[in-house]
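Next up, my_file.pdb (PDB, C-alpha atoms):
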```
ATOM      1  CA  MET Z   1      -8.691  25.290   2.353
ATOM      2  CA  LYS Z   2     -11.299  23.603   4.519
ATOM      3  CA  ILE Z   3     -10.243  22.060   7.842
ATOM      4  CA  LEU Z   4     -12.308  18.975   8.659
ATOM      5  CA  ARG Z   5     -12.080  17.681  12.217
ATOM      6  CA  THR Z   6     -14.820  15.084  12.572
ATOM      7  CA  GLN Z   7     -15.889  12.039  10.597
ATOM      8  CA  ASP Z   8     -19.166  13.810   9.818
ATOM      9  CA  ASP Z   9     -17.229  16.819   8.484
ATOM     10  CA  ILE Z  10     -15.289  14.754   5.951
ATOM     11  CA  LYS Z  11     -18.277  12.576   5.034
ATOM     12  CA  ASN Z  12     -20.412  15.611   4.300
ATOM     13  CA  TYR Z  13     -17.639  17.369   2.371
ATOM     14  CA  SER Z  14     -16.814  14.355   0.196
ATOM     15  CA  LEU Z  15     -20.504  13.684  -0.464
ATOM     16  CA  GLU Z  16     -20.916  17.276  -1.628
ATOM     17  CA  MET Z  17     -17.924  16.882  -3.976
ATOM     18  CA  LYS Z  18     -19.263  13.590  -5.324
ATOM     19  CA  LYS Z  19     -22.658  15.112  -6.018
ATOM     20  CA  ALA Z  20     -20.859  17.783  -8.046
ATOM     21  CA  GLY Z  21     -19.247  15.038 -10.133
ATOM     22  CA  LYS Z  22     -15.728  15.615  -8.812
ATOM     23  CA  ILE Z  23     -12.899  13.058  -8.846
ATOM     24  CA  ILE Z  24     -11.464  12.929  -5.324
ATOM     25  CA  GLY Z  25      -7.768  12.335  -4.612
ATOM     26  CA  LEU Z  26      -6.712  11.359  -1.086
ATOM     27  CA  VAL Z  27      -3.239  11.757   0.424
ATOM     28  CA  PRO Z  28      -3.028  10.184   3.904
ATOM     29  CA  THR Z  29      -0.202  11.533   6.097
ATOM     30  CA  MET Z  30       0.804  11.690   9.746
ATOM     31  CA  GLY Z  31       1.862  15.317   9.375
ATOM     32  CA  ALA Z  32       5.276  16.937   9.899
ATOM     33  CA  LEU Z  33       5.088  17.477   6.155
ATOM     34  CA  HIS Z  34       8.175  17.643   3.972
ATOM     35  CA  GLU Z  35       8.872  17.805   0.250
ATOM     36  CA  GLY Z  36       8.100  14.102  -0.135
ATOM     37  CA  HIS Z  37       4.560  14.642   1.126
ATOM     38  CA  LEU Z  38       4.135  17.770  -0.964
ATOM     39  CA  THR Z  39       5.161  15.842  -4.083
ATOM     40  CA  LEU Z  40       2.308  13.439  -3.317
ATOM     41  CA  MET Z  41      -0.056  16.426  -3.066
ATOM     42  CA  ARG Z  42       1.132  17.875  -6.380
ATOM     43  CA  THR Z  43       0.741  14.492  -8.067
ATOM     44  CA  ALA Z  44      -2.789  14.207  -6.675
ATOM     45  CA  ARG Z  45      -3.539  17.788  -7.789
ATOM     46  CA  LYS Z  46      -2.782  16.805 -11.409
ATOM     47  CA  ALA Z  47      -4.843  13.606 -11.256
ATOM     48  CA  ALA Z  48      -7.965  14.681  -9.358
ATOM     49  CA  ASP Z  49     -10.483  17.538  -9.230
ATOM     50  CA  VAL Z  50     -10.427  17.708  -5.430
ATOM     51  CA  VAL Z  51      -7.516  16.838  -3.144
ATOM     52  CA  ILE Z  52      -8.136  15.832   0.469
ATOM     53  CA  ALA Z  53      -5.102  15.370   2.723
ATOM     54  CA  SER Z  54      -5.258  13.790   6.143
ATOM     55  CA  VAL Z  55      -2.976  14.771   9.006
ATOM     56  CA  PHE Z  56      -3.411  12.133  11.685
ATOM     57  CA  VAL Z  57      -0.786  10.448  13.845
ATOM     58  CA  ASN Z  58      -2.414   7.033  13.930
ATOM     59  CA  PRO Z  59      -1.932   5.427  17.364
ATOM     60  CA  VAL Z  60      -2.848   1.891  16.298
ATOM     61  CA  GLN Z  61       0.134   1.532  13.957
ATOM     62  CA  PHE Z  62       2.691   2.273  16.682
ATOM     63  CA  GLY Z  63       4.105  -0.453  18.902
ATOM     64  CA  PRO Z  64       4.441  -0.058  22.700
ATOM     65  CA  ASN Z  65       8.114   1.009  22.516
ATOM     66  CA  GLU Z  66       7.802   3.234  19.443
ATOM     67  CA  ASP Z  67       7.722   7.006  19.092
ATOM     68  CA  PHE Z  68       3.981   7.817  19.098
ATOM     69  CA  ASP Z  69       4.215  10.472  21.825
ATOM     70  CA  ALA Z  70       7.418  11.976  20.391
ATOM     71  CA  TYR Z  71       6.289  11.904  16.758
ATOM     72  CA  PRO Z  72       6.526  15.496  15.446
ATOM     73  CA  ARG Z  73       3.241  17.399  15.353
ATOM     74  CA  GLN Z  74       3.130  20.831  13.677
ATOM     75  CA  PHE Z  75      -0.359  21.259  12.286
ATOM     76  CA  ASP Z  76      -0.233  25.015  11.657
ATOM     77  CA  GLU Z  77       2.978  24.674   9.630
ATOM     78  CA  ASP Z  78       1.487  21.702   7.795
ATOM     79  CA  CYS Z  79      -1.612  23.714   6.855
ATOM     80  CA  ALA Z  80       0.508  26.517   5.392
ATOM     81  CA  LYS Z  81       2.323  23.977   3.203
ATOM     82  CA  LEU Z  82      -0.918  22.298   2.144
ATOM     83  CA  GLU Z  83      -2.446  25.610   1.107
ATOM     84  CA  GLU Z  84       0.689  26.417  -0.877
ATOM     85  CA  VAL Z  85       0.327  23.285  -3.035
ATOM     86  CA  GLY Z  86      -3.413  23.727  -3.569
ATOM     87  CA  VAL Z  87      -4.951  21.107  -1.294
ATOM     88  CA  ASP Z  88      -8.711  21.664  -1.026
ATOM     89  CA  ALA Z  89      -9.365  20.156   2.410
ATOM     90  CA  VAL Z  90      -7.417  18.661   5.299
ATOM     91  CA  PHE Z  91      -8.865  16.068   7.669
ATOM     92  CA  HIS Z  92      -7.329  16.429  11.141
ATOM     93  CA  PRO Z  93      -9.208  14.317  13.698
ATOM     94  CA  GLU Z  94      -8.327  13.472  17.286
ATOM     95  CA  PRO Z  95      -7.601   9.781  18.035
ATOM     96  CA  GLY Z  96     -10.897   9.492  19.922
ATOM     97  CA  GLU Z  97     -12.761  10.638  16.805
ATOM     98  CA  MET Z  98     -11.282   7.811  14.724
ATOM     99  CA  TYR Z  99     -11.336   5.201  17.490
ATOM    100  CA  PRO Z 100     -14.254   6.036  19.790
ATOM    101  CA  ASP Z 101     -15.234   3.977  22.825
ATOM    102  CA  GLY Z 102     -16.335   0.545  21.687
ATOM    103  CA  PHE Z 103     -14.229   0.522  18.518
ATOM    104  CA  CYS Z 104     -13.265  -3.116  17.878
ATOM    105  CA  THR Z 105     -12.977  -3.653  14.103
ATOM    106  CA  TYR Z 106      -9.593  -3.926  12.396
ATOM    107  CA  VAL Z 107      -8.365  -4.771   8.894
ATOM    108  CA  ASN Z 108      -5.709  -7.486   9.060
ATOM    109  CA  VAL Z 109      -3.761  -8.472   5.929
ATOM    110  CA  GLU Z 110      -2.400 -11.955   6.639
ATOM    111  CA  GLY Z 111      -0.151 -12.726   3.644
ATOM    112  CA  ASP Z 112       3.458 -13.764   4.321
ATOM    113  CA  PHE Z 113       4.673 -10.533   2.705
ATOM    114  CA  THR Z 114       3.326  -8.592   5.692
ATOM    115  CA  LYS Z 115       5.680 -10.489   8.038
ATOM    116  CA  LYS Z 116       8.834  -9.319   6.234
ATOM    117  CA  LEU Z 117      10.732  -6.019   6.294
ATOM    118  CA  CYS Z 118       8.950  -3.509   8.560
ATOM    119  CA  GLY Z 119       6.117  -5.957   9.159
ATOM    120  CA  GLY Z 120       8.552  -8.455  10.639
ATOM    121  CA  GLN Z 121      10.154  -5.832  12.873
ATOM    122  CA  ARG Z 122       6.931  -4.083  13.920
ATOM    123  CA  PRO Z 123       4.202  -6.625  14.830
ATOM    124  CA  GLY Z 124       0.711  -5.159  14.400
ATOM    125  CA  HIS Z 125       1.996  -2.184  12.400
ATOM    126  CA  PHE Z 126       0.232  -3.066   9.162
ATOM    127  CA  ARG Z 127      -3.009  -3.923  10.958
ATOM    128  CA  GLY Z 128      -3.003  -0.318  12.141
ATOM    129  CA  VAL Z 129      -2.101   1.000   8.685
ATOM    130  CA  ALA Z 130      -4.721  -1.083   6.884
ATOM    131  CA  THR Z 131      -7.423  -0.099   9.364
ATOM    132  CA  VAL Z 132      -6.817   3.656   9.211
ATOM    133  CA  VAL Z 133      -6.335   3.731   5.427
ATOM    134  CA  THR Z 134      -9.599   1.807   4.928
ATOM    135  CA  LYS Z 135     -11.397   4.342   7.115
ATOM    136  CA  LEU Z 136      -9.820   7.308   5.336
ATOM    137  CA  ILE Z 137     -10.641   5.971   1.845
ATOM    138  CA  ASN Z 138     -14.241   5.366   2.899
ATOM    139  CA  LEU Z 139     -14.646   8.726   4.644
ATOM    140  CA  ALA Z 140     -13.141  10.652   1.720
ATOM    141  CA  ARG Z 141     -15.011   8.602  -0.892
ATOM    142  CA  ALA Z 142     -11.664   8.630  -2.664
ATOM    143  CA  ASP Z 143     -11.348   7.710  -6.324
ATOM    144  CA  LYS Z 144      -7.544   7.783  -6.108
ATOM    145  CA  ALA Z 145      -5.103   7.616  -3.220
ATOM    146  CA  PHE Z 146      -1.409   8.498  -3.237
ATOM    147  CA  PHE Z 147       1.456   6.978  -1.243
ATOM    148  CA  GLY Z 148       5.253   7.279  -1.354
ATOM    149  CA  GLN Z 149       7.648   4.590  -2.565
ATOM    150  CA  LYS Z 150       9.743   5.024   0.592
ATOM    151  CA  ASP Z 151       7.020   2.978   2.280
ATOM    152  CA  ALA Z 152       6.900   0.453  -0.570
ATOM    153  CA  GLN Z 153       5.830  -2.482   1.605
ATOM    154  CA  GLN Z 154       2.959  -0.361   2.897
ATOM    155  CA  VAL Z 155       1.864   0.257  -0.706
ATOM    156  CA  CYS Z 156       1.918  -3.511  -1.360
ATOM    157  CA  VAL Z 157      -0.244  -4.100   1.720
ATOM    158  CA  ILE Z 158      -2.719  -1.374   0.740
ATOM    159  CA  ARG Z 159      -3.007  -2.640  -2.841
ATOM    160  CA  ARG Z 160      -3.624  -6.156  -1.506
ATOM    161  CA  PHE Z 161      -6.505  -5.287   0.819
ATOM    162  CA  VAL Z 162      -8.033  -2.839  -1.684
ATOM    163  CA  GLU Z 163      -8.149  -5.666  -4.225
ATOM    164  CA  ASP Z 164      -9.260  -8.334  -1.760
ATOM    165  CA  LEU Z 165     -12.064  -6.197  -0.313
ATOM    166  CA  ALA Z 166     -13.087  -4.798  -3.730
ATOM    167  CA  ILE Z 167     -12.654  -1.202  -2.581
ATOM    168  CA  PRO Z 168     -13.190   1.008  -5.660
ATOM    169  CA  VAL Z 169     -10.077   3.178  -5.390
ATOM    170  CA  GLU Z 170      -6.929   3.496  -7.506
ATOM    171  CA  ILE Z 171      -3.707   3.245  -5.473
ATOM    172  CA  ASN Z 172      -0.793   5.298  -6.836
ATOM    173  CA  MET Z 173       2.841   4.931  -5.719
ATOM    174  CA  VAL Z 174       4.983   8.060  -6.149
ATOM    175  CA  PRO Z 175       8.825   7.806  -6.348
ATOM    176  CA  ILE Z 176      11.011   8.646  -3.333
ATOM    177  CA  VAL Z 177      11.910  12.310  -2.905
ATOM    178  CA  ARG Z 178      15.443  12.858  -1.637
ATOM    179  CA  GLU Z 179      17.426  15.710  -0.161
ATOM    180  CA  GLU Z 180      20.358  16.964  -2.235
ATOM    181  CA  SER Z 181      22.603  14.741  -0.137
ATOM    182  CA  GLY Z 182      20.650  11.652  -1.220
ATOM    183  CA  LEU Z 183      18.930  11.126   2.144
ATOM    184  CA  ALA Z 184      15.325  10.039   1.651
ATOM    185  CA  ARG Z 185      12.998  12.703   3.030
ATOM    186  CA  SER Z 186      11.246  11.552   6.195
ATOM    187  CA  SER Z 187       9.428  13.192   9.075
ATOM    188  CA  ARG Z 188      11.818  11.320  11.375
ATOM    189  CA  ASN Z 189      14.835  13.145   9.924
ATOM    190  CA  VAL Z 190      14.113  15.952  12.405
ATOM    191  CA  TYR Z 191      15.335  13.637  15.182
ATOM    192  CA  LEU Z 192      18.842  13.478  13.671
ATOM    193  CA  SER Z 193      21.708  15.555  15.017
ATOM    194  CA  THR Z 194      24.148  17.089  12.536
ATOM    195  CA  GLU Z 195      26.521  14.159  13.042
ATOM    196  CA  GLU Z 196      23.704  11.614  12.719
ATOM    197  CA  ARG Z 197      22.365  13.258   9.552
ATOM    198  CA  LYS Z 198      25.789  12.827   7.979
ATOM    199  CA  ALA Z 199      25.904   9.209   9.134
ATOM    200  CA  ALA Z 200      22.421   8.589   7.694
ATOM    201  CA  LEU Z 201      23.765   9.120   4.188
ATOM    202  CA  VAL Z 202      25.042   5.556   4.411
ATOM    203  CA  LEU Z 203      21.523   4.316   3.592
ATOM    204  CA  SER Z 204      21.292   5.839   0.139
ATOM    205  CA  ARG Z 205      25.029   5.402  -0.483
ATOM    206  CA  SER Z 206      24.961   1.656   0.186
ATOM    207  CA  LEU Z 207      21.863   1.170  -1.973
ATOM    208  CA  ASN Z 208      23.424   3.135  -4.816
ATOM    209  CA  MET Z 209      26.577   1.024  -4.618
ATOM    210  CA  ALA Z 210      24.510  -2.141  -4.967
ATOM    211  CA  LYS Z 211      22.449  -0.605  -7.759
ATOM    212  CA  GLU Z 212      25.645   0.286  -9.611
ATOM    213  CA  ALA Z 213      26.940  -3.276  -9.194
ATOM    214  CA  PHE Z 214      23.632  -4.602 -10.509
ATOM    215  CA  GLY Z 215      23.962  -2.303 -13.521
ATOM    216  CA  LYS Z 216      27.366  -3.861 -14.192
ATOM    217  CA  GLY Z 217      25.967  -7.384 -14.136
ATOM    218  CA  THR Z 218      25.857  -8.514 -10.487
ATOM    219  CA  ILE Z 219      22.508 -10.289 -10.079
ATOM    220  CA  LYS Z 220      23.073 -12.630  -7.113
ATOM    221  CA  VAL Z 221      21.083 -11.445  -4.110
ATOM    222  CA  SER Z 222      23.781 -12.598  -1.678
ATOM    223  CA  GLU Z 223      26.418 -10.475  -3.429
ATOM    224  CA  LEU Z 224      24.210  -7.384  -3.641
ATOM    225  CA  LYS Z 225      23.255  -7.686   0.027
ATOM    226  CA  LYS Z 226      26.920  -8.034   1.011
ATOM    227  CA  ILE Z 227      27.741  -4.767  -0.773
ATOM    228  CA  ILE Z 228      25.040  -2.977   1.211
ATOM    229  CA  ILE Z 229      25.872  -4.587   4.558
ATOM    230  CA  ASP Z 230      29.620  -4.021   4.248
ATOM    231  CA  GLU Z 231      29.116  -0.329   3.486
ATOM    232  CA  ILE Z 232      26.648   0.225   6.349
ATOM    233  CA  ASN Z 233      28.964  -1.570   8.782
ATOM    234  CA  LYS Z 234      31.680   0.996   8.030
ATOM    235  CA  GLU Z 235      29.513   3.690   9.680
ATOM    236  CA  PRO Z 236      29.968   3.592  13.495
ATOM    237  CA  LEU Z 237      26.596   5.246  14.240
ATOM    238  CA  ALA Z 238      24.621   2.821  12.050
ATOM    239  CA  VAL Z 239      22.987  -0.373  13.316
ATOM    240  CA  ILE Z 240      21.304  -2.598  10.720
ATOM    241  CA  ASP Z 241      17.700  -3.578  11.354
ATOM    242  CA  TYR Z 242      17.332  -5.421   8.049
ATOM    243  CA  VAL Z 243      18.807  -5.574   4.546
ATOM    244  CA  GLU Z 244      16.619  -7.529   2.138
ATOM    245  CA  ILE Z 245      16.099  -8.024  -1.587
ATOM    246  CA  TYR Z 246      12.770  -9.437  -2.775
ATOM    247  CA  SER Z 247      10.710  -9.651  -5.930
ATOM    248  CA  PHE Z 248       8.404  -6.671  -6.299
ATOM    249  CA  PRO Z 249       5.529  -6.239  -5.655
ATOM    250  CA  ALA Z 250       5.030  -9.849  -4.439
ATOM    251  CA  LEU Z 251       7.942  -9.558  -1.939
ATOM    252  CA  GLU Z 252       8.951 -13.181  -2.506
ATOM    253  CA  GLU Z 253      12.367 -14.671  -1.739
ATOM    254  CA  ILE Z 254      14.717 -14.680  -4.749
ATOM    255  CA  VAL Z 255      18.262 -15.916  -5.345
ATOM    256  CA  GLU Z 256      18.954 -13.739  -8.375
ATOM    257  CA  VAL Z 257      17.467 -10.470  -9.608
ATOM    258  CA  LYS Z 258      15.774 -11.408 -12.880
ATOM    259  CA  GLY Z 259      12.535  -9.414 -12.770
ATOM    260  CA  GLU Z 260      11.375  -6.284 -10.968
ATOM    261  CA  SER Z 261      12.822  -6.413  -7.450
ATOM    262  CA  ILE Z 262      13.270  -4.206  -4.413
ATOM    263  CA  MET Z 263      16.356  -3.633  -2.275
ATOM    264  CA  ALA Z 264      14.983  -2.478   1.072
ATOM    265  CA  ILE Z 265      16.840  -1.506   4.228
ATOM    266  CA  ALA Z 266      16.109  -0.295   7.742
ATOM    267  CA  VAL Z 267      18.933   1.180   9.816
ATOM    268  CA  LYS Z 268      19.057   2.801  13.230
ATOM    269  CA  ILE Z 269      21.147   5.953  13.337
ATOM    270  CA  GLY Z 270      21.467   6.699  17.014
ATOM    271  CA  LYS Z 271      17.921   6.244  18.311
ATOM    272  CA  THR Z 272      16.240   7.011  14.969
ATOM    273  CA  ARG Z 273      15.072   4.179  12.721
ATOM    274  CA  LEU Z 274      15.233   5.093   9.021
ATOM    275  CA  ILE Z 275      14.121   3.127   5.968
ATOM    276  CA  ASP Z 276      15.047   3.399   2.296
ATOM    277  CA  ASN Z 277      14.752   1.322  -0.847
ATOM    278  CA  VAL Z 278      15.600   1.102  -4.523
ATOM    279  CA  ILE Z 279      13.533  -0.751  -7.100
ATOM    280  CA  LEU Z 280      15.530  -2.669  -9.709
ATOM    281  CA  GLU Z 281      14.237  -3.441 -13.168
ATOM    282  CA  GLY Z 282      15.496  -6.978 -13.860
TER     283      GLY Z 282
END
```
Here is the file; what I need is its structure written in the form of structure tokens.
Amino acid sequence: MKILRTQDDIKNYSLEMKKAGKIIGLVPTMGALHEGHLTLMRTARKAADVVIASVFVNPVQFGPNEDFDAYPRQFDEDCAKLEEVGVDAVFHPEPGEMYPDGFCTYVNVEGDFTKKLCGGQRPGHFRGVATVVTKLINLARADKAFFGQKDAQQVCVIRRFVEDLAIPVEINMVPIVREESGLARSSRNVYLSTEERKAALVLSRSLNMAKEAFGKGTIKVSELKKIIIDEINKEPLAVIDYVEIYSFPALEEIVEVKGESIMAIAVKIGKTRLIDNVILEG
């Protein structure tokens, strides 16, 4: 597996692959890889001739009071996992390589859907995401890129700017990978104590309760949200950031679930903010 550290490294590598007629799959990550990430890699491996992963903790998508400095970094362990699943190259730049002195160009997606969910709670977050993903797609000359459903709003944002800017890449969303307990796999799970990890199960449990109610005929958004909120409020360590149900992928306000919709939640367990979602087929 090749390790690419500069923009020239990845540009030259992807150009070489393109000249050989290869289809390039890109999997952007911030590292601290878990089974969710590796599922993205395996999916890319089946769909592309060459798989490039990025491991880059992107400073411009973190707010001033967020966990950029504390975000887990374990590049050697990540590389071992990437080799195991057959990734061909990993791009691991320093922040100054991606944002050198004088950098002043950002991709800003301005639709209302970016101001909801995580976008509403984390101003500037999706500007940082859109900017780095645009750079990574361009550097990798990617034909296909792969993202997890856990960050479903992020996928909506990426699909929007890819379409608006006519970027010739196919965006693939891969279903959430969960631990046996039901907890959605996340790099931030490492922050959880044993007690907090147990408490965090309230995210998937509350969503599953609402999903079950929907399956039995409950379609009013207010009733489904109440099921989720009431269950989360039973957990002393949990503090709700948001509980929302929108149409998907437009993320528009709805009163009843009649078409494809998303139940999305963000909850703080102790100091750790976790997100989860379930997509409903109306």
task: Evaluate the PyMOL selection byres ((chain Z and resi 81) around 12) here and jot the selected residues down as a list in words.
output: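 Checking the PyMOL selection byres ((chain Z and resi 81) around 12) against this file, the residues are Met1, Gly31, Ala32, Leu33, His34, Glu35, Gly36, His37, Leu38, Thr39, Met41, Arg42, Ala53, Gln74, Phe75, Asp76, Glu77, Asp78, Cys79, Ala80, Leu82, Glu83, Glu84, Val85, Gly86, Val87 and Val90 of chain Z.
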task: Report the distance between CA of Gly111 in chain Z and CA of Glu223 in chain Z in Å, rounded to one decimal place.
output: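 Answer for the CA of Gly111 in chain Z to CA of Glu223 in chain Z separation: 27.6 Å.
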field: Atomic distance CA of Met17 in chain Z - CA of Lys46 in chain Z, expressed in Å with one decimal
entry: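 Separation between CA of Met17 in chain Z and CA of Lys46 in chain Z: 16.9 Å.
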- request: Using CA of Val255 in chain Z and CA of Ile228 in chain Z as the two end points, give the distance in Å to one decimal.
  value: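 CA of Ile228 in chain Z lies at a distance of 16.0 Å from CA of Val255 in chain Z.
With distances taken over all atoms listed in the file, Z:Leu274 is the one residue among Z:Lys220, Z:Cys156, Z:Val162, Z:Leu274 lying closest to Arg185 in chain Z.
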- request: Show which residues sit within 9 Å of Ala152 in chain Z, as a ChimeraX atom specification. Count all atoms listed in the file, and ignore same-chain residues fewer than 2 positions away.
  value: /Z:147-150,154-157,173,249,262,264,277
Saved selection, atoms kept: C-alpha atoms, as an mmCIF file, keeping the file's coordinate frame:
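Below you can see result31.cif, which holds the result:
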```
data_model
loop_
_atom_site.group_PDB
_atom_site.id
_atom_site.type_symbol
_atom_site.label_atom_id
_atom_site.label_comp_id
_atom_site.auth_asym_id
_atom_site.auth_seq_id
_atom_site.Cartn_x
_atom_site.Cartn_y
_atom_site.Cartn_z
ATOM 1 C CA PHE Z 147 1.456 6.978 -1.243
ATOM 2 C CA GLY Z 148 5.253 7.279 -1.354
ATOM 3 C CA GLN Z 149 7.648 4.590 -2.565
ATOM 4 C CA LYS Z 150 9.743 5.024 0.592
ATOM 5 C CA GLN Z 154 2.959 -0.361 2.897
ATOM 6 C CA VAL Z 155 1.864 0.257 -0.706
ATOM 7 C CA CYS Z 156 1.918 -3.511 -1.360
ATOM 8 C CA VAL Z 157 -0.244 -4.100 1.720
ATOM 9 C CA MET Z 173 2.841 4.931 -5.719
ATOM 10 C CA PRO Z 249 5.529 -6.239 -5.655
ATOM 11 C CA ILE Z 262 13.270 -4.206 -4.413
ATOM 12 C CA ALA Z 264 14.983 -2.478 1.072
ATOM 13 C CA ASN Z 277 14.752 1.322 -0.847
#
```
message: Just want the 12 Å neighbourhood of Leu280 in chain Z, counted on all atoms listed in the file, with same-chain residues fewer than 2 positions away dropped. Output as a ChimeraX atom specification.
response: /Z:207-208,210-215,218-219,221,224,245-249,256-264,277-278,282
query: So which one's closest to Ala20 in chain Z, Z:Asp143, Z:Asp101, Z:Asp8, Z:Asp49? Using all atoms listed in the file, please.
result: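 Once distances to Ala20 in chain Z are computed over all atoms listed in the file, the minimum belongs to Z:Asp49.
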field: Option closest in space to Ile232 in chain Z, from Z:Ser204, Z:Leu26, Z:Glu180, Z:His92 [counting all atoms listed in the file]
entry: Z:Ser204
field: Nearby residues (only C-alpha atoms) at most 9 Å from Gly124 in chain Z, same-chain spacing under 2 positions excluded, as a list in words
entry: Val60, Gln61, Phe62, Gly63, Asn108, Gly119, Arg122, Phe126, Arg127, Gly128 and Val129 of chain Z
message: as a PyMOL selection string, please: the residues near Leu136 in chain Z (cut-off 10 Å, only C-alpha atoms, same-chain neighbours under 3 positions excluded).
response: chain Z and resi 7+10-11+26-28+52-54+91+98+130-133+139-142+145
The PyMOL selection byres ((chain Z and resi 30) around 6) resolved against shown file, as a PDB file with C-alpha atoms, in the frame of the given file:
```
ATOM      1  CA  THR Z  29      -0.202  11.533   6.097  1.00  0.00           C
ATOM      2  CA  GLY Z  31       1.862  15.317   9.375  1.00  0.00           C
ATOM      3  CA  VAL Z  55      -2.976  14.771   9.006  1.00  0.00           C
ATOM      4  CA  PHE Z  56      -3.411  12.133  11.685  1.00  0.00           C
ATOM      5  CA  VAL Z  57      -0.786  10.448  13.845  1.00  0.00           C
TER       6      VAL Z  57
END
```
